[in-house]
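Here is the file my_file.pdb (PDB, C-alpha atoms).
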```pdb
ATOM      1  CA  ASP A   1      -1.104   7.014   3.415
ATOM      2  CA  LEU A   2      -2.982   4.665   1.154
ATOM      3  CA  GLU A   3      -5.766   2.224   1.778
ATOM      4  CA  VAL A   4      -6.501  -0.282  -0.966
ATOM      5  CA  ARG A   5      -9.615  -2.383  -1.360
ATOM      6  CA  ALA A   6      -9.650  -4.829  -4.239
ATOM      7  CA  THR A   7     -12.102  -7.398  -5.461
ATOM      8  CA  GLY A   8     -11.446  -9.874  -8.207
ATOM      9  CA  ASP A   9     -11.983 -13.237  -9.740
ATOM     10  CA  LEU A  10     -10.203 -15.053  -6.926
ATOM     11  CA  GLU A  11     -11.982 -18.308  -7.748
ATOM     12  CA  THR A  12      -9.619 -18.576 -10.730
ATOM     13  CA  GLY A  13      -6.604 -17.539  -8.652
ATOM     14  CA  ALA A  14      -5.176 -14.260  -7.453
ATOM     15  CA  HIS A  15      -3.078 -13.482 -10.554
ATOM     16  CA  HIS A  16      -5.381 -10.893 -12.155
ATOM     17  CA  THR A  17      -6.296  -9.245  -8.863
ATOM     18  CA  ILE A  18      -2.643  -8.883  -7.790
ATOM     19  CA  GLU A  19      -1.580  -7.643 -11.232
ATOM     20  CA  ASP A  20      -4.491  -5.193 -11.557
ATOM     21  CA  THR A  21      -3.836  -3.847  -8.067
ATOM     22  CA  GLY A  22      -0.206  -3.221  -9.034
ATOM     23  CA  ILE A  23      -1.242  -1.485 -12.259
ATOM     24  CA  VAL A  24      -3.720   0.810 -10.502
ATOM     25  CA  PHE A  25      -1.268   1.581  -7.692
ATOM     26  CA  GLY A  26       1.405   2.399 -10.276
ATOM     27  CA  GLN A  27      -0.949   4.625 -12.275
ATOM     28  CA  ALA A  28      -2.005   6.483  -9.126
ATOM     29  CA  LEU A  29       1.648   7.015  -8.217
ATOM     30  CA  ASP A  30       2.417   8.256 -11.724
ATOM     31  CA  ARG A  31      -0.431  10.774 -11.548
ATOM     32  CA  ALA A  32       0.615  11.895  -8.066
ATOM     33  CA  LEU A  33       4.185  12.514  -9.278
ATOM     34  CA  GLY A  34       2.974  14.691 -12.166
ATOM     35  CA  ASP A  35       5.958  16.064 -14.084
ATOM     36  CA  ARG A  36       8.256  14.866 -11.272
ATOM     37  CA  VAL A  37       9.693  18.319 -10.640
ATOM     38  CA  GLY A  38      11.720  18.522  -7.436
ATOM     39  CA  VAL A  39      11.758  14.807  -6.567
ATOM     40  CA  THR A  40      14.909  13.076  -5.430
ATOM     41  CA  ARG A  41      14.349  10.594  -8.318
ATOM     42  CA  TYR A  42      16.493   7.732  -6.980
ATOM     43  CA  GLY A  43      15.890   5.553  -3.959
ATOM     44  CA  HIS A  44      17.576   2.517  -2.488
ATOM     45  CA  ALA A  45      16.954   0.418   0.591
ATOM     46  CA  VAL A  46      18.136  -2.823   2.142
ATOM     47  CA  VAL A  47      15.778  -4.453   4.622
ATOM     48  CA  PRO A  48      16.572  -7.393   6.906
ATOM     49  CA  MET A  49      13.699  -9.537   8.095
ATOM     50  CA  ASP A  50      15.088 -12.143  10.491
ATOM     51  CA  GLU A  51      17.201 -14.459   8.289
ATOM     52  CA  ALA A  52      16.035 -12.769   5.060
ATOM     53  CA  ARG A  53      17.427  -9.638   3.444
ATOM     54  CA  ALA A  54      16.179  -7.845   0.343
ATOM     55  CA  ALA A  55      17.311  -4.743  -1.505
ATOM     56  CA  ALA A  56      15.364  -2.438  -3.792
ATOM     57  CA  ALA A  57      16.561   0.345  -6.078
ATOM     58  CA  ILE A  58      14.204   2.743  -7.862
ATOM     59  CA  ASP A  59      14.638   5.360 -10.563
ATOM     60  CA  LEU A  60      11.605   7.531 -11.321
ATOM     61  CA  SER A  61      12.943   7.662 -14.871
ATOM     62  CA  GLY A  62       9.681   7.634 -16.792
ATOM     63  CA  ARG A  63      10.892   4.381 -18.363
ATOM     64  CA  PRO A  64       9.174   1.255 -17.011
ATOM     65  CA  TYR A  65      11.489  -1.637 -16.272
ATOM     66  CA  CYS A  66      11.445  -4.272 -13.554
ATOM     67  CA  VAL A  67      13.966  -6.856 -12.440
ATOM     68  CA  LEU A  68      13.244  -9.218  -9.568
ATOM     69  CA  GLU A  69      16.130 -11.463  -8.564
ATOM     70  CA  ALA A  70      14.473 -13.885  -6.175
ATOM     71  CA  ASP A  71      16.024 -17.289  -6.765
ATOM     72  CA  LEU A  72      15.905 -17.915  -3.011
ATOM     73  CA  LEU A  73      12.108 -17.517  -2.924
ATOM     74  CA  PRO A  74      10.747 -21.053  -3.108
ATOM     75  CA  ALA A  75       7.623 -21.944  -5.050
ATOM     76  CA  GLY A  76       4.546 -22.036  -2.862
ATOM     77  CA  ILE A  77       1.782 -19.997  -1.305
ATOM     78  CA  THR A  78       1.985 -17.563   1.611
ATOM     79  CA  GLY A  79      -1.144 -15.919   2.984
ATOM     80  CA  GLY A  80      -3.132 -17.226   0.037
ATOM     81  CA  MET A  81      -0.789 -15.636  -2.523
ATOM     82  CA  ASP A  82       1.343 -17.640  -4.947
ATOM     83  CA  HIS A  83       4.958 -16.596  -4.529
ATOM     84  CA  GLU A  84       5.297 -16.057  -8.290
ATOM     85  CA  LEU A  85       2.812 -13.181  -7.996
ATOM     86  CA  VAL A  86       5.373 -11.054  -6.141
ATOM     87  CA  GLU A  87       7.112 -10.456  -9.466
ATOM     88  CA  GLU A  88       3.796  -9.816 -11.240
ATOM     89  CA  PHE A  89       2.901  -7.140  -8.697
ATOM     90  CA  PHE A  90       6.239  -5.335  -8.930
ATOM     91  CA  ARG A  91       6.247  -5.506 -12.748
ATOM     92  CA  ALA A  92       2.729  -4.036 -12.833
ATOM     93  CA  VAL A  93       3.712  -1.197 -10.476
ATOM     94  CA  ALA A  94       6.817  -0.387 -12.537
ATOM     95  CA  ASN A  95       4.781  -0.277 -15.740
ATOM     96  CA  GLY A  96       1.912   1.726 -14.250
ATOM     97  CA  ALA A  97       4.201   4.242 -12.533
ATOM     98  CA  ARG A  98       6.733   4.343 -15.371
ATOM     99  CA  LEU A  99       9.673   3.692 -13.078
ATOM    100  CA  THR A 100      12.711   1.455 -13.119
ATOM    101  CA  LEU A 101      12.754  -1.048 -10.277
ATOM    102  CA  HIS A 102      15.343  -3.597  -9.241
ATOM    103  CA  VAL A 103      14.535  -5.887  -6.308
ATOM    104  CA  THR A 104      17.054  -8.452  -5.140
ATOM    105  CA  VAL A 105      16.575 -11.124  -2.511
ATOM    106  CA  GLU A 106      20.033 -11.333  -0.966
ATOM    107  CA  ARG A 107      19.398 -13.976   1.700
ATOM    108  CA  GLY A 108      16.601 -15.987   3.205
ATOM    109  CA  THR A 109      15.020 -19.360   3.800
ATOM    110  CA  ASN A 110      11.560 -18.440   5.099
ATOM    111  CA  ALA A 111       9.242 -17.412   2.236
ATOM    112  CA  HIS A 112       7.156 -15.115   4.458
ATOM    113  CA  HIS A 113      10.267 -13.248   5.609
ATOM    114  CA  ILE A 114      11.623 -13.009   2.050
ATOM    115  CA  ILE A 115       8.373 -11.578   0.693
ATOM    116  CA  GLU A 116       7.996  -9.148   3.586
ATOM    117  CA  ALA A 117      11.571  -7.944   3.128
ATOM    118  CA  THR A 118      11.012  -7.321  -0.611
ATOM    119  CA  PHE A 119       7.889  -5.240  -0.041
ATOM    120  CA  LYS A 120       9.435  -3.251   2.798
ATOM    121  CA  ALA A 121      12.613  -2.597   0.782
ATOM    122  CA  PHE A 122      10.449  -1.419  -2.126
ATOM    123  CA  ALA A 123       8.438   0.887   0.147
ATOM    124  CA  ARG A 124      11.524   2.442   1.742
ATOM    125  CA  ALA A 125      13.235   2.944  -1.629
ATOM    126  CA  LEU A 126      10.059   4.526  -3.011
ATOM    127  CA  ARG A 127       9.815   6.872  -0.025
ATOM    128  CA  GLN A 128      13.349   8.035  -0.745
ATOM    129  CA  ALA A 129      12.807   8.462  -4.512
ATOM    130  CA  VAL A 130       9.597  10.509  -4.229
ATOM    131  CA  ALA A 131      10.927  12.760  -1.476
ATOM    132  CA  ILE A 132      11.254  16.421  -2.414
ATOM    133  CA  ASP A 133      14.880  17.448  -2.865
ATOM    134  CA  PRO A 134      15.182  21.071  -1.694
ATOM    135  CA  ALA A 135      18.276  21.515  -3.893
ATOM    136  CA  GLU A 136      16.404  20.419  -7.037
ATOM    137  CA  THR A 137      14.632  23.321  -8.719
ATOM    138  CA  GLY A 138      13.426  21.409 -11.759
ATOM    139  CA  VAL A 139      13.266  17.898 -13.096
ATOM    140  CA  PRO A 140      16.274  15.825 -11.978
ATOM    141  CA  SER A 141      17.357  14.967 -15.530
ATOM    142  CA  THR A 142      19.820  16.409 -18.020
ATOM    143  CA  LYS A 143      17.099  15.893 -20.664
ATOM    144  CA  GLY A 144      14.762  18.188 -18.739
ATOM    145  CA  THR A 145      11.982  15.609 -18.526
ATOM    146  CA  LEU A 146      11.184  12.324 -16.809
ATOM    147  CA  THR A 147       7.783  11.854 -18.389
ATOM    148  CA  ALA A 148       8.547  11.339 -22.072
TER     149      ALA A 148
END
```
Could the structure of this file be written out as structure tokens, please?
Amino acid sequence: DLEVRATGDLETGAHHTIEDTGIVFGQALDRALGDRVGVTRYGHAVVPMDEARAAAAIDLSGRPYCVLEADLLPAGITGGMDHELVEEFFRAVANGARLTLHVTVERGTNAHHIIEATFKAFARALRQAVAIDPAETGVPSTKGTLTA
């Protein structure tokens, strides 16, 4: 469980606050994973949210990379957040946590539903990737490391 409280220069917009929150969350996740021994490493989830559907795939590779395919997400603001900041948040998490992340919006017309589906797909994929694999006795990599 995680509770996040953030303050920022919201009078200039939410960009820095959203990005910094993603960076700190990613860094905390990276520290919590340590050398990543015993983790499942990969996670994938598809989440429907009414008419919207989003998929997320994660690799705890130690190599930060983020792709957000969200052409269906219209420009605008939902809950006080610019829609373009969804990508900024995920990119910041991927960099901070040193993970590879692909998020794809597969369907949707309602921005709120699209955004909610992306975050829930990310969370479910992350849960899967960080889970301990009882069959894995070391680092799930032929190189022997996921942190370099």
For this session: Can you turn the PyMOL selection byres ((chain A and resi 23) around 12) into a concrete residue list for this file, as a ChimeraX atom specification?
Result: /A:16-22,24-30,64,88-98
For this session: Go ahead and compute the interatomic distance for CA of Leu99 in chain A and CA of Arg127 in chain A, in Å to one decimal.
Result: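 So the two atoms, CA of Leu99 in chain A and CA of Arg127 in chain A, lie 13.4 Å apart.
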For this session: Write out as JSON, numbers by chain the residues lying within 10 Å of Ile115 in chain A, counting only C-alpha atoms and excluding same-chain residues fewer than 4 positions away.
Result: {"A": [49, 52, 53, 54, 70, 73, 78, 83, 86, 105, 108, 110, 111, 119, 120, 121]}
Exercise. Suppose you want the space between CA of Gly8 in chain A and CA of Leu85 in chain A; what is it in Å?
Worked result: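 Distance reported for this atom pair: 14.6 Å.
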Problem set entry | Closest of A:Asp82, A:Asp71, A:Glu136, A:Asp59 to Ala14 in chain A - atom-to-atom distances counting all atoms listed in the file |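 Closest residue, counting all atoms listed in the file: A:Asp82.
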Problem set entry | Distance query 7 Å from (12.1, -9.0, -5.8) using all atoms listed in the file, result as a ChimeraX atom specification | /A:68-70,87,103-105,118
Can you give me all heavy atoms for range 93-104 of chain A, written as a PDB file, keeping the file's coordinate frame?
```
ATOM      1  N   VAL A  93       3.456  -2.514 -11.065  1.00  0.00           N
ATOM      2  CA  VAL A  93       3.712  -1.197 -10.476  1.00  0.00           C
ATOM      3  C   VAL A  93       4.709  -0.420 -11.337  1.00  0.00           C
ATOM      4  O   VAL A  93       4.484   0.760 -11.648  1.00  0.00           O
ATOM      5  CB  VAL A  93       4.223  -1.315  -9.027  1.00  0.00           C
ATOM      6  CG1 VAL A  93       4.709   0.043  -8.506  1.00  0.00           C
ATOM      7  CG2 VAL A  93       3.157  -1.883  -8.116  1.00  0.00           C
ATOM      8  N   ALA A  94       5.794  -1.058 -11.722  1.00  0.00           N
ATOM      9  CA  ALA A  94       6.817  -0.387 -12.537  1.00  0.00           C
ATOM     10  C   ALA A  94       6.226   0.113 -13.853  1.00  0.00           C
ATOM     11  O   ALA A  94       6.501   1.245 -14.273  1.00  0.00           O
ATOM     12  CB  ALA A  94       7.989  -1.326 -12.798  1.00  0.00           C
ATOM     13  N   ASN A  95       5.404  -0.697 -14.485  1.00  0.00           N
ATOM     14  CA  ASN A  95       4.781  -0.277 -15.740  1.00  0.00           C
ATOM     15  C   ASN A  95       3.784   0.848 -15.518  1.00  0.00           C
ATOM     16  O   ASN A  95       3.788   1.837 -16.250  1.00  0.00           O
ATOM     17  CB  ASN A  95       4.105  -1.469 -16.429  1.00  0.00           C
ATOM     18  CG  ASN A  95       5.102  -2.414 -17.048  1.00  0.00           C
ATOM     19  OD1 ASN A  95       6.173  -1.999 -17.487  1.00  0.00           O
ATOM     20  ND2 ASN A  95       4.778  -3.685 -17.090  1.00  0.00           N
ATOM     21  N   GLY A  96       2.923   0.708 -14.518  1.00  0.00           N
ATOM     22  CA  GLY A  96       1.912   1.726 -14.250  1.00  0.00           C
ATOM     23  C   GLY A  96       2.509   3.056 -13.836  1.00  0.00           C
ATOM     24  O   GLY A  96       2.006   4.119 -14.203  1.00  0.00           O
ATOM     25  N   ALA A  97       3.576   3.016 -13.045  1.00  0.00           N
ATOM     26  CA  ALA A  97       4.201   4.242 -12.533  1.00  0.00           C
ATOM     27  C   ALA A  97       5.311   4.756 -13.444  1.00  0.00           C
ATOM     28  O   ALA A  97       5.853   5.827 -13.192  1.00  0.00           O
ATOM     29  CB  ALA A  97       4.774   4.007 -11.136  1.00  0.00           C
ATOM     30  N   ARG A  98       5.649   3.977 -14.454  1.00  0.00           N
ATOM     31  CA  ARG A  98       6.733   4.343 -15.371  1.00  0.00           C
ATOM     32  C   ARG A  98       8.026   4.618 -14.595  1.00  0.00           C
ATOM     33  O   ARG A  98       8.614   5.677 -14.661  1.00  0.00           O
ATOM     34  CB  ARG A  98       6.328   5.536 -16.242  1.00  0.00           C
ATOM     35  CG  ARG A  98       5.165   5.208 -17.154  1.00  0.00           C
ATOM     36  CD  ARG A  98       4.662   6.330 -18.017  1.00  0.00           C
ATOM     37  NE  ARG A  98       4.480   7.569 -17.281  1.00  0.00           N
ATOM     38  CZ  ARG A  98       5.223   8.668 -17.458  1.00  0.00           C
ATOM     39  NH1 ARG A  98       6.180   8.693 -18.347  1.00  0.00           N
ATOM     40  NH2 ARG A  98       4.984   9.744 -16.744  1.00  0.00           N
ATOM     41  N   LEU A  99       8.440   3.603 -13.841  1.00  0.00           N
ATOM     42  CA  LEU A  99       9.673   3.692 -13.078  1.00  0.00           C
ATOM     43  C   LEU A  99      10.519   2.448 -13.317  1.00  0.00           C
ATOM     44  O   LEU A  99      10.020   1.421 -13.761  1.00  0.00           O
ATOM     45  CB  LEU A  99       9.389   3.882 -11.584  1.00  0.00           C
ATOM     46  CG  LEU A  99       8.530   2.861 -10.845  1.00  0.00           C
ATOM     47  CD1 LEU A  99       9.327   1.645 -10.404  1.00  0.00           C
ATOM     48  CD2 LEU A  99       7.897   3.526  -9.634  1.00  0.00           C
ATOM     49  N   THR A 100      11.795   2.588 -13.050  1.00  0.00           N
ATOM     50  CA  THR A 100      12.711   1.455 -13.119  1.00  0.00           C
ATOM     51  C   THR A 100      12.862   0.915 -11.708  1.00  0.00           C
ATOM     52  O   THR A 100      13.108   1.669 -10.765  1.00  0.00           O
ATOM     53  CB  THR A 100      14.085   1.888 -13.675  1.00  0.00           C
ATOM     54  OG1 THR A 100      13.894   2.353 -15.011  1.00  0.00           O
ATOM     55  CG2 THR A 100      15.066   0.727 -13.675  1.00  0.00           C
ATOM     56  N   LEU A 101      12.717  -0.405 -11.589  1.00  0.00           N
ATOM     57  CA  LEU A 101      12.754  -1.048 -10.277  1.00  0.00           C
ATOM     58  C   LEU A 101      13.612  -2.304 -10.339  1.00  0.00           C
ATOM     59  O   LEU A 101      13.430  -3.141 -11.216  1.00  0.00           O
ATOM     60  CB  LEU A 101      11.330  -1.422  -9.846  1.00  0.00           C
ATOM     61  CG  LEU A 101      11.176  -2.282  -8.593  1.00  0.00           C
ATOM     62  CD1 LEU A 101      11.705  -1.558  -7.356  1.00  0.00           C
ATOM     63  CD2 LEU A 101       9.723  -2.680  -8.413  1.00  0.00           C
ATOM     64  N   HIS A 102      14.545  -2.386  -9.422  1.00  0.00           N
ATOM     65  CA  HIS A 102      15.343  -3.597  -9.241  1.00  0.00           C
ATOM     66  C   HIS A 102      15.138  -4.061  -7.800  1.00  0.00           C
ATOM     67  O   HIS A 102      15.362  -3.291  -6.869  1.00  0.00           O
ATOM     68  CB  HIS A 102      16.835  -3.316  -9.469  1.00  0.00           C
ATOM     69  CG  HIS A 102      17.182  -3.043 -10.885  1.00  0.00           C
ATOM     70  ND1 HIS A 102      17.806  -3.964 -11.673  1.00  0.00           N
ATOM     71  CD2 HIS A 102      16.961  -1.941 -11.659  1.00  0.00           C
ATOM     72  CE1 HIS A 102      17.977  -3.448 -12.888  1.00  0.00           C
ATOM     73  NE2 HIS A 102      17.470  -2.230 -12.899  1.00  0.00           N
ATOM     74  N   VAL A 103      14.695  -5.292  -7.638  1.00  0.00           N
ATOM     75  CA  VAL A 103      14.535  -5.887  -6.308  1.00  0.00           C
ATOM     76  C   VAL A 103      15.361  -7.157  -6.286  1.00  0.00           C
ATOM     77  O   VAL A 103      15.244  -8.001  -7.184  1.00  0.00           O
ATOM     78  CB  VAL A 103      13.052  -6.209  -5.995  1.00  0.00           C
ATOM     79  CG1 VAL A 103      12.933  -6.865  -4.626  1.00  0.00           C
ATOM     80  CG2 VAL A 103      12.198  -4.954  -6.058  1.00  0.00           C
ATOM     81  N   THR A 104      16.185  -7.287  -5.265  1.00  0.00           N
ATOM     82  CA  THR A 104      17.054  -8.452  -5.140  1.00  0.00           C
ATOM     83  C   THR A 104      16.877  -9.085  -3.765  1.00  0.00           C
ATOM     84  O   THR A 104      16.998  -8.397  -2.745  1.00  0.00           O
ATOM     85  CB  THR A 104      18.539  -8.051  -5.301  1.00  0.00           C
ATOM     86  OG1 THR A 104      18.690  -7.382  -6.551  1.00  0.00           O
ATOM     87  CG2 THR A 104      19.453  -9.266  -5.253  1.00  0.00           C
TER      88      THR A 104
END
```
